[in-house]
Amino acid sequence: MQVMWQRALTPAGSRKLVITSLGAPADHAIQRPFVTLLPAFNPSERQQAEAITMNLIDLGCVELCCVGPEAEQLHDALDSIIEVSSALDVVTTWHEDPTDACEYFLHAAAGGRAHLLALILSHPELQAVLQEETRT
């Protein structure tokens with residue numbers, strides 16, 4: 001997994017944030033449970049996210065957070081995938097606004113207790129929001 005940066009979000013390091021690319025191979029070493037931030041800025045990203053959804057769930061993802069102009073469409077598609085696979089304990093959310101999405105992802109997703117995997121390496125604006133939010 002290509003990691004741009006990884007940061008412990010608590011002094012004890014009990015929560016970690018990993019940022020990598022949407023197309024990176026899944027890392028089976030990621031700590032569970034985790035939440036994933038999925039970009040949906042164009043149809044190609046949306047399709048990529050849909051294609052890896054079951055792999056993320058199998059690895060221990062408990063919530064999929066969609067961000068971007070096509071976030072609602074991705075969210076709806078993920079709900080269908082989850083329903084068909086009977087992984088009904090996995091939560092999905094969507095935000096078009098990058099700041100709202102990043103704040104939710106960092107502070108509220110999975111009750112603020114899970115590790116965080118952000119597949120946004122190709123979106124420097126999202127990385128900047130996450131970096132700023134983790135400084136406070």
# chains A, B, ... in the order shown; residues from 1 in each chain; ligands from 1

$ select_by_dssp --residues "chain A" --states "alpha helix (DSSP H)" --output "number ranges by chain"
A: 43-59, 71-85, 98-107, 124-135

$ residues_around --residues "stretch 109-111 of chain A" --least-positions-apart "6" --cutoff "12 Å" --atoms "only C-alpha atoms" --output "count of residues only"
24

$ closest_residue --among "A:Glu83, A:Gln31, A:Pro39, A:Asp76" --to "A:Ser122" --atoms "only C-alpha atoms"
A:Pro39

$ select_by_dssp --residues "chain A" --states "strand (DSSP E or B)" --output "ChimeraX atom specification"
/A:5-8,16-19,34-39,61-67,91-95,115-118

$ residues_around --residues "A:Met54" --least-positions-apart "2" --cutoff "10 Å" --atoms "only C-alpha atoms" --output "PDB file with N, CA and C atoms, in the first residue's frame"
ATOM      1  N   ALA A  49     -14.385   2.784  -6.625  1.00  0.00           N
ATOM      2  CA  ALA A  49     -14.828   2.604  -5.243  1.00  0.00           C
ATOM      3  C   ALA A  49     -15.821   1.450  -5.137  1.00  0.00           C
ATOM      4  N   GLU A  50     -16.742   1.388  -6.060  1.00  0.00           N
ATOM      5  CA  GLU A  50     -17.720   0.296  -6.064  1.00  0.00           C
ATOM      6  C   GLU A  50     -17.013  -1.051  -6.192  1.00  0.00           C
ATOM      7  N   ALA A  51     -15.991  -1.105  -7.044  1.00  0.00           N
ATOM      8  CA  ALA A  51     -15.293  -2.361  -7.318  1.00  0.00           C
ATOM      9  C   ALA A  51     -14.537  -2.900  -6.108  1.00  0.00           C
ATOM     10  N   ILE A  52     -14.092  -2.037  -5.210  1.00  0.00           N
ATOM     11  CA  ILE A  52     -13.301  -2.501  -4.059  1.00  0.00           C
ATOM     12  C   ILE A  52     -14.115  -2.607  -2.769  1.00  0.00           C
ATOM     13  N   LEU A  56     -12.922  -4.132   0.966  1.00  0.00           N
ATOM     14  CA  LEU A  56     -12.795  -3.299   2.164  1.00  0.00           C
ATOM     15  C   LEU A  56     -13.607  -3.875   3.321  1.00  0.00           C
ATOM     16  N   ILE A  57     -14.808  -4.309   3.038  1.00  0.00           N
ATOM     17  CA  ILE A  57     -15.659  -4.899   4.081  1.00  0.00           C
ATOM     18  C   ILE A  57     -15.024  -6.178   4.614  1.00  0.00           C
ATOM     19  N   ASP A  58     -14.502  -7.007   3.722  1.00  0.00           N
ATOM     20  CA  ASP A  58     -13.843  -8.251   4.147  1.00  0.00           C
ATOM     21  C   ASP A  58     -12.617  -7.978   5.015  1.00  0.00           C
ATOM     22  N   LEU A  59     -11.958  -6.840   4.785  1.00  0.00           N
ATOM     23  CA  LEU A  59     -10.780  -6.471   5.576  1.00  0.00           C
ATOM     24  C   LEU A  59     -11.139  -5.887   6.939  1.00  0.00           C
ATOM     25  N   GLY A  60     -12.424  -5.540   7.149  1.00  0.00           N
ATOM     26  CA  GLY A  60     -12.833  -5.018   8.444  1.00  0.00           C
ATOM     27  C   GLY A  60     -13.359  -3.605   8.439  1.00  0.00           C
ATOM     28  N   CYS A  61     -13.694  -3.079   7.267  1.00  0.00           N
ATOM     29  CA  CYS A  61     -14.271  -1.737   7.194  1.00  0.00           C
ATOM     30  C   CYS A  61     -15.692  -1.763   7.749  1.00  0.00           C
ATOM     31  N   LEU A  78     -23.266   1.726  -3.106  1.00  0.00           N
ATOM     32  CA  LEU A  78     -22.683   0.953  -2.010  1.00  0.00           C
ATOM     33  C   LEU A  78     -23.768   0.306  -1.161  1.00  0.00           C
ATOM     34  N   ILE A  81     -24.805  -2.792  -2.924  1.00  0.00           N
ATOM     35  CA  ILE A  81     -23.779  -3.841  -2.789  1.00  0.00           C
ATOM     36  C   ILE A  81     -23.857  -4.470  -1.404  1.00  0.00           C
ATOM     37  N   ILE A  82     -23.986  -3.629  -0.394  1.00  0.00           N
ATOM     38  CA  ILE A  82     -24.052  -4.102   0.991  1.00  0.00           C
ATOM     39  C   ILE A  82     -25.301  -4.952   1.207  1.00  0.00           C
ATOM     40  N   SER A  85     -24.980  -8.370  -0.440  1.00  0.00           N
ATOM     41  CA  SER A  85     -23.999  -9.224   0.237  1.00  0.00           C
ATOM     42  C   SER A  85     -24.362  -9.534   1.690  1.00  0.00           C
ATOM     43  N   ALA A  87     -24.158  -7.645   4.242  1.00  0.00           N
ATOM     44  CA  ALA A  87     -23.234  -7.014   5.194  1.00  0.00           C
ATOM     45  C   ALA A  87     -23.927  -5.816   5.826  1.00  0.00           C
TER      46      ALA A  87
END

$ decode --residues "stretch 69-84 of chain A" --atoms "all heavy atoms" --output "PDB file, in the first residue's frame"
ATOM      1  N   PRO A  69     -18.776  15.358  -5.713  1.00  0.00           N
ATOM      2  CA  PRO A  69     -20.005  15.673  -6.442  1.00  0.00           C
ATOM      3  C   PRO A  69     -20.870  14.447  -6.746  1.00  0.00           C
ATOM      4  O   PRO A  69     -22.075  14.565  -6.915  1.00  0.00           O
ATOM      5  CB  PRO A  69     -19.507  16.310  -7.740  1.00  0.00           C
ATOM      6  CG  PRO A  69     -18.117  16.751  -7.467  1.00  0.00           C
ATOM      7  CD  PRO A  69     -17.582  15.844  -6.405  1.00  0.00           C
ATOM      8  N   GLU A  70     -20.263  13.265  -6.818  1.00  0.00           N
ATOM      9  CA  GLU A  70     -21.017  12.047  -7.100  1.00  0.00           C
ATOM     10  C   GLU A  70     -21.148  11.167  -5.860  1.00  0.00           C
ATOM     11  O   GLU A  70     -21.405   9.962  -5.951  1.00  0.00           O
ATOM     12  CB  GLU A  70     -20.354  11.288  -8.245  1.00  0.00           C
ATOM     13  CG  GLU A  70     -20.356  12.096  -9.520  1.00  0.00           C
ATOM     14  CD  GLU A  70     -20.168  11.275 -10.767  1.00  0.00           C
ATOM     15  OE1 GLU A  70     -20.297  10.035 -10.709  1.00  0.00           O
ATOM     16  OE2 GLU A  70     -19.919  11.887 -11.804  1.00  0.00           O
ATOM     17  N   ALA A  71     -20.987  11.778  -4.685  1.00  0.00           N
ATOM     18  CA  ALA A  71     -21.027  11.021  -3.431  1.00  0.00           C
ATOM     19  C   ALA A  71     -22.380  10.360  -3.194  1.00  0.00           C
ATOM     20  O   ALA A  71     -22.433   9.219  -2.732  1.00  0.00           O
ATOM     21  CB  ALA A  71     -20.664  11.928  -2.261  1.00  0.00           C
ATOM     22  N   GLU A  72     -23.458  11.058  -3.498  1.00  0.00           N
ATOM     23  CA  GLU A  72     -24.772  10.459  -3.266  1.00  0.00           C
ATOM     24  C   GLU A  72     -24.981   9.237  -4.158  1.00  0.00           C
ATOM     25  O   GLU A  72     -25.499   8.208  -3.699  1.00  0.00           O
ATOM     26  CB  GLU A  72     -25.880  11.480  -3.507  1.00  0.00           C
ATOM     27  CG  GLU A  72     -27.256  10.929  -3.186  1.00  0.00           C
ATOM     28  CD  GLU A  72     -28.372  11.946  -3.322  1.00  0.00           C
ATOM     29  OE1 GLU A  72     -28.137  13.060  -3.852  1.00  0.00           O
ATOM     30  OE2 GLU A  72     -29.494  11.631  -2.904  1.00  0.00           O
ATOM     31  N   GLN A  73     -24.555   9.305  -5.413  1.00  0.00           N
ATOM     32  CA  GLN A  73     -24.695   8.169  -6.324  1.00  0.00           C
ATOM     33  C   GLN A  73     -23.838   6.991  -5.845  1.00  0.00           C
ATOM     34  O   GLN A  73     -24.282   5.836  -5.902  1.00  0.00           O
ATOM     35  CB  GLN A  73     -24.292   8.554  -7.757  1.00  0.00           C
ATOM     36  CG  GLN A  73     -25.223   9.543  -8.390  1.00  0.00           C
ATOM     37  CD  GLN A  73     -24.814  10.992  -8.127  1.00  0.00           C
ATOM     38  OE1 GLN A  73     -24.100  11.323  -7.189  1.00  0.00           O
ATOM     39  NE2 GLN A  73     -25.310  11.889  -8.965  1.00  0.00           N
ATOM     40  N   LEU A  74     -22.613   7.288  -5.387  1.00  0.00           N
ATOM     41  CA  LEU A  74     -21.753   6.230  -4.860  1.00  0.00           C
ATOM     42  C   LEU A  74     -22.392   5.616  -3.617  1.00  0.00           C
ATOM     43  O   LEU A  74     -22.434   4.393  -3.478  1.00  0.00           O
ATOM     44  CB  LEU A  74     -20.353   6.772  -4.538  1.00  0.00           C
ATOM     45  CG  LEU A  74     -19.397   5.771  -3.896  1.00  0.00           C
ATOM     46  CD1 LEU A  74     -19.217   4.525  -4.754  1.00  0.00           C
ATOM     47  CD2 LEU A  74     -18.050   6.447  -3.608  1.00  0.00           C
ATOM     48  N   HIS A  75     -22.880   6.446  -2.746  1.00  0.00           N
ATOM     49  CA  HIS A  75     -23.547   5.981  -1.528  1.00  0.00           C
ATOM     50  C   HIS A  75     -24.687   5.016  -1.869  1.00  0.00           C
ATOM     51  O   HIS A  75     -24.810   3.936  -1.279  1.00  0.00           O
ATOM     52  CB  HIS A  75     -24.060   7.200  -0.759  1.00  0.00           C
ATOM     53  CG  HIS A  75     -24.981   6.895   0.357  1.00  0.00           C
ATOM     54  ND1 HIS A  75     -26.347   6.858   0.205  1.00  0.00           N
ATOM     55  CD2 HIS A  75     -24.741   6.626   1.655  1.00  0.00           C
ATOM     56  CE1 HIS A  75     -26.900   6.570   1.367  1.00  0.00           C
ATOM     57  NE2 HIS A  75     -25.950   6.430   2.268  1.00  0.00           N
ATOM     58  N   ASP A  76     -25.525   5.386  -2.825  1.00  0.00           N
ATOM     59  CA  ASP A  76     -26.646   4.529  -3.221  1.00  0.00           C
ATOM     60  C   ASP A  76     -26.151   3.192  -3.783  1.00  0.00           C
ATOM     61  O   ASP A  76     -26.709   2.136  -3.473  1.00  0.00           O
ATOM     62  CB  ASP A  76     -27.530   5.238  -4.244  1.00  0.00           C
ATOM     63  CG  ASP A  76     -28.272   6.426  -3.657  1.00  0.00           C
ATOM     64  OD1 ASP A  76     -28.352   6.552  -2.409  1.00  0.00           O
ATOM     65  OD2 ASP A  76     -28.774   7.253  -4.451  1.00  0.00           O
ATOM     66  N   ALA A  77     -25.100   3.241  -4.595  1.00  0.00           N
ATOM     67  CA  ALA A  77     -24.541   2.008  -5.166  1.00  0.00           C
ATOM     68  C   ALA A  77     -23.956   1.121  -4.071  1.00  0.00           C
ATOM     69  O   ALA A  77     -24.142  -0.105  -4.085  1.00  0.00           O
ATOM     70  CB  ALA A  77     -23.476   2.342  -6.210  1.00  0.00           C
ATOM     71  N   LEU A  78     -23.266   1.726  -3.106  1.00  0.00           N
ATOM     72  CA  LEU A  78     -22.683   0.953  -2.010  1.00  0.00           C
ATOM     73  C   LEU A  78     -23.768   0.306  -1.161  1.00  0.00           C
ATOM     74  O   LEU A  78     -23.626  -0.837  -0.723  1.00  0.00           O
ATOM     75  CB  LEU A  78     -21.779   1.834  -1.141  1.00  0.00           C
ATOM     76  CG  LEU A  78     -20.555   2.435  -1.833  1.00  0.00           C
ATOM     77  CD1 LEU A  78     -19.738   3.248  -0.843  1.00  0.00           C
ATOM     78  CD2 LEU A  78     -19.719   1.382  -2.515  1.00  0.00           C
ATOM     79  N   ASP A  79     -24.852   1.039  -0.929  1.00  0.00           N
ATOM     80  CA  ASP A  79     -25.970   0.465  -0.182  1.00  0.00           C
ATOM     81  C   ASP A  79     -26.506  -0.781  -0.883  1.00  0.00           C
ATOM     82  O   ASP A  79     -26.824  -1.780  -0.229  1.00  0.00           O
ATOM     83  CB  ASP A  79     -27.094   1.485   0.006  1.00  0.00           C
ATOM     84  CG  ASP A  79     -26.827   2.459   1.130  1.00  0.00           C
ATOM     85  OD1 ASP A  79     -25.885   2.242   1.925  1.00  0.00           O
ATOM     86  OD2 ASP A  79     -27.572   3.455   1.224  1.00  0.00           O
ATOM     87  N   SER A  80     -26.593  -0.739  -2.193  1.00  0.00           N
ATOM     88  CA  SER A  80     -27.066  -1.908  -2.951  1.00  0.00           C
ATOM     89  C   SER A  80     -26.091  -3.080  -2.821  1.00  0.00           C
ATOM     90  O   SER A  80     -26.509  -4.221  -2.618  1.00  0.00           O
ATOM     91  CB  SER A  80     -27.242  -1.553  -4.428  1.00  0.00           C
ATOM     92  OG  SER A  80     -28.274  -0.618  -4.585  1.00  0.00           O
ATOM     93  N   ILE A  81     -24.805  -2.792  -2.924  1.00  0.00           N
ATOM     94  CA  ILE A  81     -23.779  -3.841  -2.789  1.00  0.00           C
ATOM     95  C   ILE A  81     -23.857  -4.470  -1.404  1.00  0.00           C
ATOM     96  O   ILE A  81     -23.820  -5.685  -1.251  1.00  0.00           O
ATOM     97  CB  ILE A  81     -22.376  -3.254  -3.055  1.00  0.00           C
ATOM     98  CG1 ILE A  81     -22.235  -2.870  -4.528  1.00  0.00           C
ATOM     99  CG2 ILE A  81     -21.279  -4.239  -2.633  1.00  0.00           C
ATOM    100  CD1 ILE A  81     -21.021  -2.013  -4.839  1.00  0.00           C
ATOM    101  N   ILE A  82     -23.986  -3.629  -0.394  1.00  0.00           N
ATOM    102  CA  ILE A  82     -24.052  -4.102   0.991  1.00  0.00           C
ATOM    103  C   ILE A  82     -25.301  -4.952   1.207  1.00  0.00           C
ATOM    104  O   ILE A  82     -25.248  -6.014   1.839  1.00  0.00           O
ATOM    105  CB  ILE A  82     -23.995  -2.907   1.961  1.00  0.00           C
ATOM    106  CG1 ILE A  82     -22.579  -2.317   1.958  1.00  0.00           C
ATOM    107  CG2 ILE A  82     -24.443  -3.281   3.356  1.00  0.00           C
ATOM    108  CD1 ILE A  82     -22.466  -0.956   2.616  1.00  0.00           C
ATOM    109  N   GLU A  83     -26.411  -4.513   0.670  1.00  0.00           N
ATOM    110  CA  GLU A  83     -27.661  -5.252   0.837  1.00  0.00           C
ATOM    111  C   GLU A  83     -27.581  -6.627   0.176  1.00  0.00           C
ATOM    112  O   GLU A  83     -27.953  -7.635   0.776  1.00  0.00           O
ATOM    113  CB  GLU A  83     -28.820  -4.461   0.253  1.00  0.00           C
ATOM    114  CG  GLU A  83     -30.161  -5.102   0.512  1.00  0.00           C
ATOM    115  CD  GLU A  83     -31.316  -4.249   0.027  1.00  0.00           C
ATOM    116  OE1 GLU A  83     -31.197  -3.011  -0.002  1.00  0.00           O
ATOM    117  OE2 GLU A  83     -32.341  -4.841  -0.332  1.00  0.00           O
ATOM    118  N   VAL A  84     -27.074  -6.678  -1.043  1.00  0.00           N
ATOM    119  CA  VAL A  84     -26.970  -7.944  -1.769  1.00  0.00           C
ATOM    120  C   VAL A  84     -26.031  -8.907  -1.039  1.00  0.00           C
ATOM    121  O   VAL A  84     -26.270 -10.116  -1.004  1.00  0.00           O
ATOM    122  CB  VAL A  84     -26.487  -7.701  -3.220  1.00  0.00           C
ATOM    123  CG1 VAL A  84     -26.053  -8.979  -3.898  1.00  0.00           C
ATOM    124  CG2 VAL A  84     -27.581  -7.020  -4.019  1.00  0.00           C
TER     125      VAL A  84
END
